Structures are given as structure tokens and as C-alpha cells.
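This report concerns only the one structure given below.
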Amino acid sequence: MSILAVRSKCLARAARLCALAAFPLFLAACQADYAADIHNQTPQPLYAQIMAKSNDGKSAALAASRRLGPGDRALVGPIRTNKNAGAYLVLDTMPNPTRPLTYDLQPGTAFLSVKQDSLSNDAPMRVEEKR
């Protein structure tokens with residue numbers, strides 16, 4: 001066997017090993033972390049859930065949840081999911097006279113403040129992004 005044949009086999013093996021080593025980095029590029037730093041400024045407990053969307057966009061699965069008392073501030077998440085699918089936040093109180101609020105999350109941590117227009121339990125909630 002000539003030196004060139006041995007060297008080409010070594011180069012081919014090294015190329016395969018490099019490709020295998022780079023594969024997890026390729027997969028990591030398709031992932032993203034999502035989290036929400038939430039300040040509950042309502043007079044009642046707040047339930048916050050991060051839902052990870054499926055790849056087809058037709059369904060979602062609960063990925064993280066937390067209960068925040070009045071005046072509490074807490075981090076929900078982080079979760080890691082497919083960057084192309086994404087994640088969203090669901091916010092609800094008990095009793096809530098309307099539907100739960102949903103908020104689309106961008107990759108990274110969203111800093112949010114949840115408020116109500118009045119101190120009564122039946123006032124609608126609103127979400128403000130902190131800057």
C-alpha cells in the first residue's frame with residue numbers, strides 16, 4: 001500500500017470525525033431558549049405558562065409554568081425548543097371574566113409587567129413589555 005493511499009484514508013477518517021463533531025453544533029443552531037421575567041401587578045394570583053409550539057404549528061405542549069401572587073416577580077422558564085416553531089406565554093387569573101391572555105415570545109428572555117385597569121377582579125388584564 002502506498003503512502004498516498006494511507007494518507008487519503010486518514011484524511012477521509014479525519015473529515016468524517018469533523019463532520020460528526022460539528023453535527024451537534026448544527027442541531028443547536030436550530031434551537032432557541034425562551035423565558036419570561038414577569039411582574040404581577042394585579043390584585044390576584046397570576047398563572048403563567050410557556051407553551052412550546054409543535055413543528056407543524058397546529059398544537060403546543062406545556063413546557064413551564066408558575067403561579068405568582070399579587071406583587072410577585074418571577075422567572076418562568078427557560079425552555080429550549082425548535083427556533084422555527086417558537087413558544088408563547090399564557091397568562092390567566094382566577095376568576096378571569098375573559099379569555100386567558102396569550103403573548104408570543106421572541107428567543108431570549110421577555111421582561112413583562114401584568115396589570116389590570118382597576119382593583120376589581122373582573123377588570124381586563126394587560127401586558128406591558130419592560131424596556
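Here, A, B, ... name the chains of the C-alpha cells in the order displayed, residue numbers run from 1 inside each chain, and ligands are numbered from 1 in the same displayed order.
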With region 109-123 of chain A as the partner and 6 Å as the cut-off, tabulate the residues of region 25-68 of chain A that qualify, each row holding the nearest pair of atoms and their distance in Å to one decimal, using only C-alpha atoms, sorted by chain and rising number, as CSV.
residue,atom,partner,partner_atom,distance
A:Tyr34,CA,A:Thr109,CA,6.0
A:Ala35,CA,A:Thr109,CA,4.6
A:Ala36,CA,A:Ala110,CA,4.7
A:Asp37,CA,A:Phe111,CA,4.8
A:Ile38,CA,A:Leu112,CA,4.9
A:His39,CA,A:Ser113,CA,4.7
A:Asn40,CA,A:Val114,CA,5.2
A:Gln41,CA,A:Lys115,CA,5.0
A:Thr42,CA,A:Lys115,CA,5.2
Residues of chain A in strand (DSSP E or B), written as number ranges by chain: A: 31-41, 46-53, 60-68, 73-82, 87-93, 101-105, 108-116, 125-129
Polymer residues at most 8 Å from Tyr103 (chain A), only C-alpha atoms, same-chain spacing of 5 or more positions, as a PyMOL selection string: chain A and resi 88-90
Which residue of A:Pro43, A:Gln49, A:Arg131, A:Arg16 approaches Arg67 (chain A) most closely, using only C-alpha atoms: A:Gln49
Option closest in space to Val76 (chain A), from A:Val127, A:Leu101, A:Tyr47, A:Ser59 [counting only C-alpha atoms]: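 Among A:Val127, A:Leu101, A:Tyr47, A:Ser59, it is A:Tyr47 that comes nearest to Val76 (chain A).
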Closest of A:Arg126, A:Ser54, A:Gly69, A:Gln106 to Met94 (chain A) - atom-to-atom distances counting only C-alpha atoms: A:Gly69
DSSP-assigned helix (DSSP H, G or I) members of region 2-128 of chain A, reported as a ChimeraX atom specification: /A:3-28
Kindly export the residues of the current selection with C-alpha atoms, as an mmCIF file, in the first residue's frame.
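Just written: selection-v3.cif:
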data_model
loop_
_atom_site.group_PDB
_atom_site.id
_atom_site.type_symbol
_atom_site.label_atom_id
_atom_site.label_comp_id
_atom_site.auth_asym_id
_atom_site.auth_seq_id
_atom_site.Cartn_x
_atom_site.Cartn_y
_atom_site.Cartn_z
ATOM 1 C CA ILE A 3 1.862 6.301 1.341
ATOM 2 C CA LEU A 4 -0.704 8.300 -0.665
ATOM 3 C CA ALA A 5 -3.382 5.626 -0.168
ATOM 4 C CA VAL A 6 -2.781 5.521 3.608
ATOM 5 C CA ARG A 7 -2.770 9.300 3.807
ATOM 6 C CA SER A 8 -6.066 9.605 1.868
ATOM 7 C CA LYS A 9 -7.709 7.094 4.239
ATOM 8 C CA CYS A 10 -6.512 9.127 7.222
ATOM 9 C CA LEU A 11 -7.816 12.333 5.672
ATOM 10 C CA ALA A 12 -11.182 10.726 4.941
ATOM 11 C CA ARG A 13 -11.416 9.439 8.531
ATOM 12 C CA ALA A 14 -10.494 12.883 9.890
ATOM 13 C CA ALA A 15 -13.157 14.509 7.697
ATOM 14 C CA ARG A 16 -15.809 12.074 8.995
ATOM 15 C CA LEU A 17 -14.814 12.794 12.601
ATOM 16 C CA CYS A 18 -15.007 16.546 11.989
ATOM 17 C CA ALA A 19 -18.444 16.173 10.430
ATOM 18 C CA LEU A 20 -19.646 14.117 13.410
ATOM 19 C CA ALA A 21 -18.217 16.664 15.847
ATOM 20 C CA ALA A 22 -19.927 19.545 14.009
ATOM 21 C CA PHE A 23 -23.340 17.809 13.842
ATOM 22 C CA PRO A 24 -24.428 18.788 17.414
ATOM 23 C CA LEU A 25 -23.487 22.388 16.630
ATOM 24 C CA PHE A 26 -25.728 22.251 13.572
ATOM 25 C CA LEU A 27 -28.608 20.955 15.695
ATOM 26 C CA ALA A 28 -28.008 23.609 18.338
#
9 Å contact set for Thr93 (chain A), only C-alpha atoms, chain neighbours under 5 positions out, as number ranges by chain: A: 44-48, 100, 121, 125
Okay, now the selection with C-alpha atoms, as a short mmCIF file (atom, residue, chain, number, x, y, z; two decimals), in the first residue's frame?
data_model
loop_
_atom_site.label_atom_id
_atom_site.label_comp_id
_atom_site.auth_asym_id
_atom_site.auth_seq_id
_atom_site.Cartn_x
_atom_site.Cartn_y
_atom_site.Cartn_z
CA GLN A 44 -54.92 38.49 42.49
CA PRO A 45 -52.77 35.40 41.78
CA LEU A 46 -51.50 35.06 38.22
CA TYR A 47 -50.88 31.77 36.44
CA ALA A 48 -48.17 31.92 33.77
CA PRO A 100 -56.57 33.98 29.11
CA ASN A 121 -61.24 41.02 39.94
CA MET A 125 -55.63 42.31 32.18
#
Close residues, Pro107 (chain A) itself excluded, 12 Å, only C-alpha atoms, min 5 positions apart in chain, as a PyMOL selection string: chain A and resi 30-36+52+77-88
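Going from CA of Thr102 (chain A) to CA of Ala63 (chain A) covers 14.7 Å.
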Point-to-point distance from CA of Ile50 (chain A) to CA of Leu62 (chain A), Å rounded to tenths: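 So the two atoms, CA of Ile50 (chain A) and CA of Leu62 (chain A), lie 6.3 Å apart.
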